[in-house]
Amino acid sequence: MKLDKELVGAGTSLLVLSALAREATYGYRLIKAVNAEADGLFEWQEGTLYPILHKLERQKLVRSQWQTADTGRRRKYYYITAKGREALGQGVAQWNQWHAMIVKLAGAEQG
Amino acid sequence: MDNLNAETESALRKLAGEIGVANDLDPEIQEELYGHLEDKTLGYLSGEESLSQGDALLLTREHFGDRRMLREFLSQVHYASATVHLGRRLAAAAVLLLALGLILKPLRAAGLVLSSYASVAVSQIVTPLVTFALCCLFVVSYFMILRRWRVQLKSEREPWFERWSAQKLLAVLVSMSLFNMFAVLPLSAVTAGTASDSVLERVMASVIGILVLAIPMIWAWWADTPPRRIHAVLTGVCAWLALSLAQNMLGLLLGNPTIWLTDSGMRFELRPAFFFPETELVGLDYLAAMASAFRTVAGFHVAMGGLAAALYIAGSAIGRRVRALAPSG
């Protein structure tokens with residue numbers, strides 16, 4: 001089952017921060033890592049990652065640095081900042097609350 | 001594969017360059033996007049990137065080419081082919097129409113001449129009946145011959161209008177048309193007396209009007225070559241319209257040569273069909289009157305053609321429905 005686009009859109013920033021919290025990387029590799037975990041759960045228009053990364057950078061949640069990748073090419077690596085980790089923690093907590101509320105309501109409805 | 005060739009690299013840079021945000025940011029953004037596109041392309045080439053069905057579909061679409069352009073090319077190719085084929089069929093229908101006209105014209109003239117020597121009462125009965133019989137003969141023969149040719153076409157036998165060169169077919173059509181127009185026919189100037197139109201004549205005039213409508217319908221049927229049904233039908237009717245109008249307009253402009261049979265003998269006359277002796281119209285008045293006559297003739301033919309096409313299309317649609325409802329086998 002593929003996830004609803006709106007649901008994916010709402011959680012994309014959190015998804016990117018989560019991936020960067022694991023490992024600093026550049027856009028292409030980040031998408032590959034997320035896709036490997038997602039296992040076809042959603043479709044990602046790859047270009048749309050960059051506006052998200054740039055927005056997170058403007059919010060100082062991530063920072064970027066040009067460096068040479070293991071392929072020998074120059075790539076712009078993204079690192080999560082301390083502020084980013086804090087935002088990630090808060091975001092995950094909110095998401096969990098949101099998720100718990102939906103499960104609770106849905107359970108009450110079905111029960 | 002480690003590197004892309006210069007052509008691919010340039011194409012990817014162009015692709016990345018299509019996204020511009022702000023002059024001071026663009027070089028960096030574009031470099032980043034280019035890096036992504038480069039990795040993706042290399043990933044595909046090395047097999048690191050697996051192709052999903054969606055990716056494969058995209059590639060297939062891209063390799064297949066612009067569908068709108070392809071459709072345009074195909075329709076051009078098949079339009080030309082269909083038009084040539086249809087053109088030959090319509091030329092054959094025109095030649096047959098003119099040939100039958102040439103055969104039946106003297107018969108009609110003879111009937112009119114003979115009836116003019118009879119008494120008024122006899123003439124009022126014989127003339128409409130002769131005209132009606134000849135019209136029936138014309139329509140039935142026309143349909144039967146075309147039907148025979150259609151059977152030949154279906155059975156893969158090549159009829160004459162498929163074998164002949166386009167030039168030969170056109171030459172026959174033009175000469176037949178001119179011959180038909182200038183065929184000298186005797187008309188009787190002798191009248192046995194004057195009488196108003198009888199009921200039979202009025203009824204027959206209506207029936208003959210309906211019979212004449214059958215001709216453009218036969219053209220529609222003859223031109224109808226599925227799957228381009230509507231297109232072929234309309235082309236067929238338009239071709240009939242063009243032929244009929246050309247014949248009538250030229251007749252109006254040039255007149256018809258006629259041999260008059262009078263009490264004192266025969267008299268030849270190139271009788272202008274468009275002539276206003278009573279009013280002696282000249283100059284612009286003459287042109288205006290001529291334009292008015294053209295409009296009347298054209299209006300009549302367009303109405304006939306439109307009605308014939310509509311009747312044929314509606315009739316064949318009903319026929320298809322009925323066939324679909326009928327049990328198969």
# chains A, B, ... in the order shown; residues from 1 in each chain; ligands from 1
$ residues_around --residues "Ala19 of chain A" --least-positions-apart "3" --cutoff "7 Å" --atoms "only C-alpha atoms" --output "list in words"
Leu15, Val16, Arg22, Glu23, Leu30 and Val34 of chain A
$ interface_residues --of "chain B" --to "chain A" --cutoff "10 Å" --atoms "only C-alpha atoms" --output "NGL selection string"
:B and (2 or 28-29 or 31-40 or 49 or 52)
$ write_last_selection --atoms "all heavy atoms" --output "compact mmCIF listing (two decimals), in the first residue's frame"
# COMPACT_ATOMS: atom_id res chain seq x y z
N ASP B 2 32.45 5.20 -15.02
CA ASP B 2 32.87 6.25 -14.09
C ASP B 2 32.46 7.65 -14.52
O ASP B 2 32.20 8.51 -13.71
CB ASP B 2 34.40 6.22 -13.94
CG ASP B 2 34.85 4.95 -13.23
OD1 ASP B 2 34.02 4.41 -12.48
OD2 ASP B 2 35.98 4.50 -13.47
N GLU B 28 25.40 27.71 -7.42
CA GLU B 28 25.55 26.67 -6.40
C GLU B 28 24.39 25.66 -6.44
O GLU B 28 24.60 24.45 -6.39
CB GLU B 28 25.63 27.30 -5.01
CG GLU B 28 25.96 26.27 -3.96
CD GLU B 28 26.23 26.88 -2.58
OE1 GLU B 28 26.59 28.06 -2.51
OE2 GLU B 28 26.06 26.14 -1.60
N ILE B 29 23.18 26.21 -6.58
CA ILE B 29 22.00 25.32 -6.65
C ILE B 29 22.12 24.41 -7.86
O ILE B 29 21.88 23.21 -7.78
CB ILE B 29 20.70 26.15 -6.72
CG1 ILE B 29 20.46 26.86 -5.39
CG2 ILE B 29 19.50 25.26 -7.07
CD1 ILE B 29 19.27 27.80 -5.38
N GLU B 31 24.76 23.50 -9.46
CA GLU B 31 25.84 22.52 -9.30
C GLU B 31 25.36 21.34 -8.45
O GLU B 31 25.65 20.18 -8.75
CB GLU B 31 27.04 23.21 -8.63
CG GLU B 31 28.32 22.40 -8.63
CD GLU B 31 28.82 22.02 -10.03
OE1 GLU B 31 28.55 22.78 -10.97
OE2 GLU B 31 29.44 20.94 -10.16
N GLU B 32 24.58 21.66 -7.42
CA GLU B 32 24.05 20.62 -6.54
C GLU B 32 23.07 19.72 -7.31
O GLU B 32 23.13 18.49 -7.22
CB GLU B 32 23.36 21.26 -5.34
CG GLU B 32 22.92 20.24 -4.31
CD GLU B 32 22.20 20.88 -3.12
OE1 GLU B 32 21.72 22.02 -3.24
OE2 GLU B 32 22.13 20.21 -2.07
N LEU B 33 22.17 20.37 -8.06
CA LEU B 33 21.19 19.60 -8.82
C LEU B 33 21.87 18.78 -9.89
O LEU B 33 21.50 17.62 -10.14
CB LEU B 33 20.14 20.54 -9.46
CG LEU B 33 19.27 21.32 -8.48
CD1 LEU B 33 18.28 22.20 -9.24
CD2 LEU B 33 18.51 20.38 -7.54
N TYR B 34 22.88 19.38 -10.51
CA TYR B 34 23.62 18.63 -11.54
C TYR B 34 24.26 17.38 -10.92
O TYR B 34 24.23 16.30 -11.50
CB TYR B 34 24.71 19.51 -12.19
CG TYR B 34 25.64 18.68 -13.04
CD1 TYR B 34 25.23 18.25 -14.30
CD2 TYR B 34 26.89 18.27 -12.57
CE1 TYR B 34 26.06 17.44 -15.07
CE2 TYR B 34 27.72 17.47 -13.33
CZ TYR B 34 27.30 17.06 -14.58
OH TYR B 34 28.10 16.25 -15.33
N GLY B 35 24.79 17.54 -9.73
CA GLY B 35 25.41 16.39 -9.05
C GLY B 35 24.40 15.25 -8.86
O GLY B 35 24.70 14.08 -9.09
N HIS B 36 23.18 15.64 -8.49
CA HIS B 36 22.14 14.63 -8.29
C HIS B 36 21.82 13.93 -9.62
O HIS B 36 21.76 12.69 -9.67
CB HIS B 36 20.87 15.31 -7.75
CG HIS B 36 19.77 14.34 -7.49
ND1 HIS B 36 19.46 13.88 -6.24
CD2 HIS B 36 18.90 13.72 -8.33
CE1 HIS B 36 18.46 13.02 -6.32
NE2 HIS B 36 18.10 12.92 -7.59
N LEU B 37 21.65 14.72 -10.64
CA LEU B 37 21.30 14.14 -11.95
C LEU B 37 22.42 13.24 -12.46
O LEU B 37 22.17 12.18 -13.04
CB LEU B 37 21.02 15.26 -12.97
CG LEU B 37 19.80 16.13 -12.66
CD1 LEU B 37 19.77 17.35 -13.56
CD2 LEU B 37 18.51 15.32 -12.83
N GLU B 38 23.64 13.67 -12.22
CA GLU B 38 24.80 12.88 -12.66
C GLU B 38 24.83 11.54 -11.92
O GLU B 38 24.98 10.47 -12.54
CB GLU B 38 26.08 13.67 -12.37
CG GLU B 38 27.32 13.03 -12.94
CD GLU B 38 28.60 13.76 -12.52
OE1 GLU B 38 28.64 14.27 -11.38
OE2 GLU B 38 29.53 13.81 -13.32
N ASP B 39 24.64 11.58 -10.61
CA ASP B 39 24.64 10.34 -9.83
C ASP B 39 23.53 9.41 -10.27
O ASP B 39 23.71 8.19 -10.37
CB ASP B 39 24.44 10.67 -8.33
CG ASP B 39 25.72 11.21 -7.71
OD1 ASP B 39 26.80 10.96 -8.28
OD2 ASP B 39 25.64 11.89 -6.67
N LYS B 40 22.38 10.01 -10.51
CA LYS B 40 21.22 9.20 -10.91
C LYS B 40 21.49 8.50 -12.25
O LYS B 40 21.24 7.31 -12.41
CB LYS B 40 20.00 10.12 -11.02
CG LYS B 40 18.68 9.41 -11.26
CD LYS B 40 18.15 8.84 -9.98
CE LYS B 40 16.80 8.17 -10.21
NZ LYS B 40 16.36 7.45 -9.02
N GLU B 49 21.00 1.64 -9.81
CA GLU B 49 19.60 2.07 -9.73
C GLU B 49 18.76 1.03 -10.44
O GLU B 49 18.97 0.75 -11.62
CB GLU B 49 19.41 3.42 -10.45
CG GLU B 49 19.91 4.61 -9.68
CD GLU B 49 18.90 5.07 -8.62
OE1 GLU B 49 17.77 4.56 -8.60
OE2 GLU B 49 19.28 5.92 -7.81
N SER B 52 12.03 0.78 -11.76
CA SER B 52 10.67 0.40 -11.37
C SER B 52 9.81 0.38 -12.63
O SER B 52 10.26 0.81 -13.70
CB SER B 52 10.10 1.43 -10.39
OG SER B 52 9.91 2.65 -11.08
$ select_by_dssp --residues "chain A" --states "strand (DSSP E or B)" --output "mmCIF file with C-alpha atoms, in the first residue's frame"
data_model
loop_
_atom_site.group_PDB
_atom_site.id
_atom_site.type_symbol
_atom_site.label_atom_id
_atom_site.label_comp_id
_atom_site.auth_asym_id
_atom_site.auth_seq_id
_atom_site.Cartn_x
_atom_site.Cartn_y
_atom_site.Cartn_z
ATOM 1 C CA THR A 25 25.174 12.790 3.341
ATOM 2 C CA TYR A 26 24.274 14.536 0.086
ATOM 3 C CA VAL A 62 20.973 21.523 8.959
ATOM 4 C CA ARG A 63 24.177 22.925 7.538
ATOM 5 C CA SER A 64 25.872 22.115 4.280
ATOM 6 C CA GLN A 65 29.423 21.727 3.091
ATOM 7 C CA TRP A 66 30.917 20.950 -0.272
ATOM 8 C CA GLN A 67 33.275 18.018 -0.113
ATOM 9 C CA THR A 68 34.543 15.186 -2.227
ATOM 10 C CA ARG A 74 32.283 17.179 -5.329
ATOM 11 C CA ARG A 75 28.969 16.906 -3.530
ATOM 12 C CA LYS A 76 27.136 19.131 -1.097
ATOM 13 C CA TYR A 77 26.889 17.243 2.148
ATOM 14 C CA TYR A 78 24.242 18.053 4.727
ATOM 15 C CA TYR A 79 24.773 17.750 8.457
ATOM 16 C CA ILE A 80 22.121 17.968 11.101
#
$ residues_around --residues "segment 315-329 of chain B" --least-positions-apart "5" --cutoff "12 Å" --atoms "only C-alpha atoms" --output "JSON, numbers by chain"
{"B": [217, 220, 221, 224, 226, 229, 230, 233, 307, 308, 309, 310]}
$ closest_residue --among "B:His63, B:Arg13, B:Arg148, B:Arg88" --to "Gln167 of chain B" --atoms "only C-alpha atoms"
B:Arg88
$ atom_distance --atom1 "atom CA of Ala166 of chain B" --atom2 "atom CA of Leu245 of chain B"
22.5 Å
$ closest_residue --among "A:Val103, A:Ala69, A:Ala87, A:Ile52" --to "Ala10 of chain A" --atoms "only C-alpha atoms"
A:Ile52
$ closest_residue --among "A:Leu56, A:Leu61, A:Leu41, A:Ile102" --to "Met1 of chain A" --atoms "only C-alpha atoms"
A:Leu41
$ decode --residues "segment 61-73 of chain A" --atoms "N, CA and C atoms" --output "PDB file, in the first residue's frame"
ATOM      1  N   LEU A  61      18.529  24.158  10.852  1.00  0.00           N
ATOM      2  CA  LEU A  61      18.338  22.798  11.374  1.00  0.00           C
ATOM      3  C   LEU A  61      19.377  21.866  10.758  1.00  0.00           C
ATOM      4  N   VAL A  62      19.864  22.258   9.579  1.00  0.00           N
ATOM      5  CA  VAL A  62      20.973  21.523   8.959  1.00  0.00           C
ATOM      6  C   VAL A  62      21.979  22.544   8.445  1.00  0.00           C
ATOM      7  N   ARG A  63      23.170  22.071   8.186  1.00  0.00           N
ATOM      8  CA  ARG A  63      24.177  22.925   7.538  1.00  0.00           C
ATOM      9  C   ARG A  63      24.780  22.126   6.396  1.00  0.00           C
ATOM     10  N   SER A  64      25.336  22.829   5.448  1.00  0.00           N
ATOM     11  CA  SER A  64      25.872  22.115   4.280  1.00  0.00           C
ATOM     12  C   SER A  64      27.344  22.428   4.093  1.00  0.00           C
ATOM     13  N   GLN A  65      27.992  21.537   3.362  1.00  0.00           N
ATOM     14  CA  GLN A  65      29.423  21.727   3.091  1.00  0.00           C
ATOM     15  C   GLN A  65      29.795  20.948   1.826  1.00  0.00           C
ATOM     16  N   TRP A  66      30.469  21.642   0.943  1.00  0.00           N
ATOM     17  CA  TRP A  66      30.917  20.950  -0.272  1.00  0.00           C
ATOM     18  C   TRP A  66      32.128  20.096   0.071  1.00  0.00           C
ATOM     19  N   GLN A  67      32.096  18.871  -0.314  1.00  0.00           N
ATOM     20  CA  GLN A  67      33.275  18.018  -0.113  1.00  0.00           C
ATOM     21  C   GLN A  67      33.304  16.903  -1.147  1.00  0.00           C
ATOM     22  N   THR A  68      34.404  16.237  -1.216  1.00  0.00           N
ATOM     23  CA  THR A  68      34.543  15.186  -2.227  1.00  0.00           C
ATOM     24  C   THR A  68      33.946  13.884  -1.703  1.00  0.00           C
ATOM     25  N   ALA A  69      33.019  13.351  -2.499  1.00  0.00           N
ATOM     26  CA  ALA A  69      32.366  12.101  -2.099  1.00  0.00           C
ATOM     27  C   ALA A  69      33.274  10.922  -2.396  1.00  0.00           C
ATOM     28  N   ASP A  70      32.863   9.726  -1.964  1.00  0.00           N
ATOM     29  CA  ASP A  70      33.708   8.549  -2.224  1.00  0.00           C
ATOM     30  C   ASP A  70      33.761   8.212  -3.720  1.00  0.00           C
ATOM     31  N   THR A  71      32.916   8.830  -4.497  1.00  0.00           N
ATOM     32  CA  THR A  71      32.972   8.631  -5.959  1.00  0.00           C
ATOM     33  C   THR A  71      34.039   9.520  -6.588  1.00  0.00           C
ATOM     34  N   GLY A  72      34.579  10.403  -5.783  1.00  0.00           N
ATOM     35  CA  GLY A  72      35.590  11.329  -6.296  1.00  0.00           C
ATOM     36  C   GLY A  72      35.009  12.626  -6.819  1.00  0.00           C
ATOM     37  N   ARG A  73      33.701  12.781  -6.692  1.00  0.00           N
ATOM     38  CA  ARG A  73      33.070  14.004  -7.203  1.00  0.00           C
ATOM     39  C   ARG A  73      32.717  14.925  -6.037  1.00  0.00           C
TER      40      ARG A  73
END
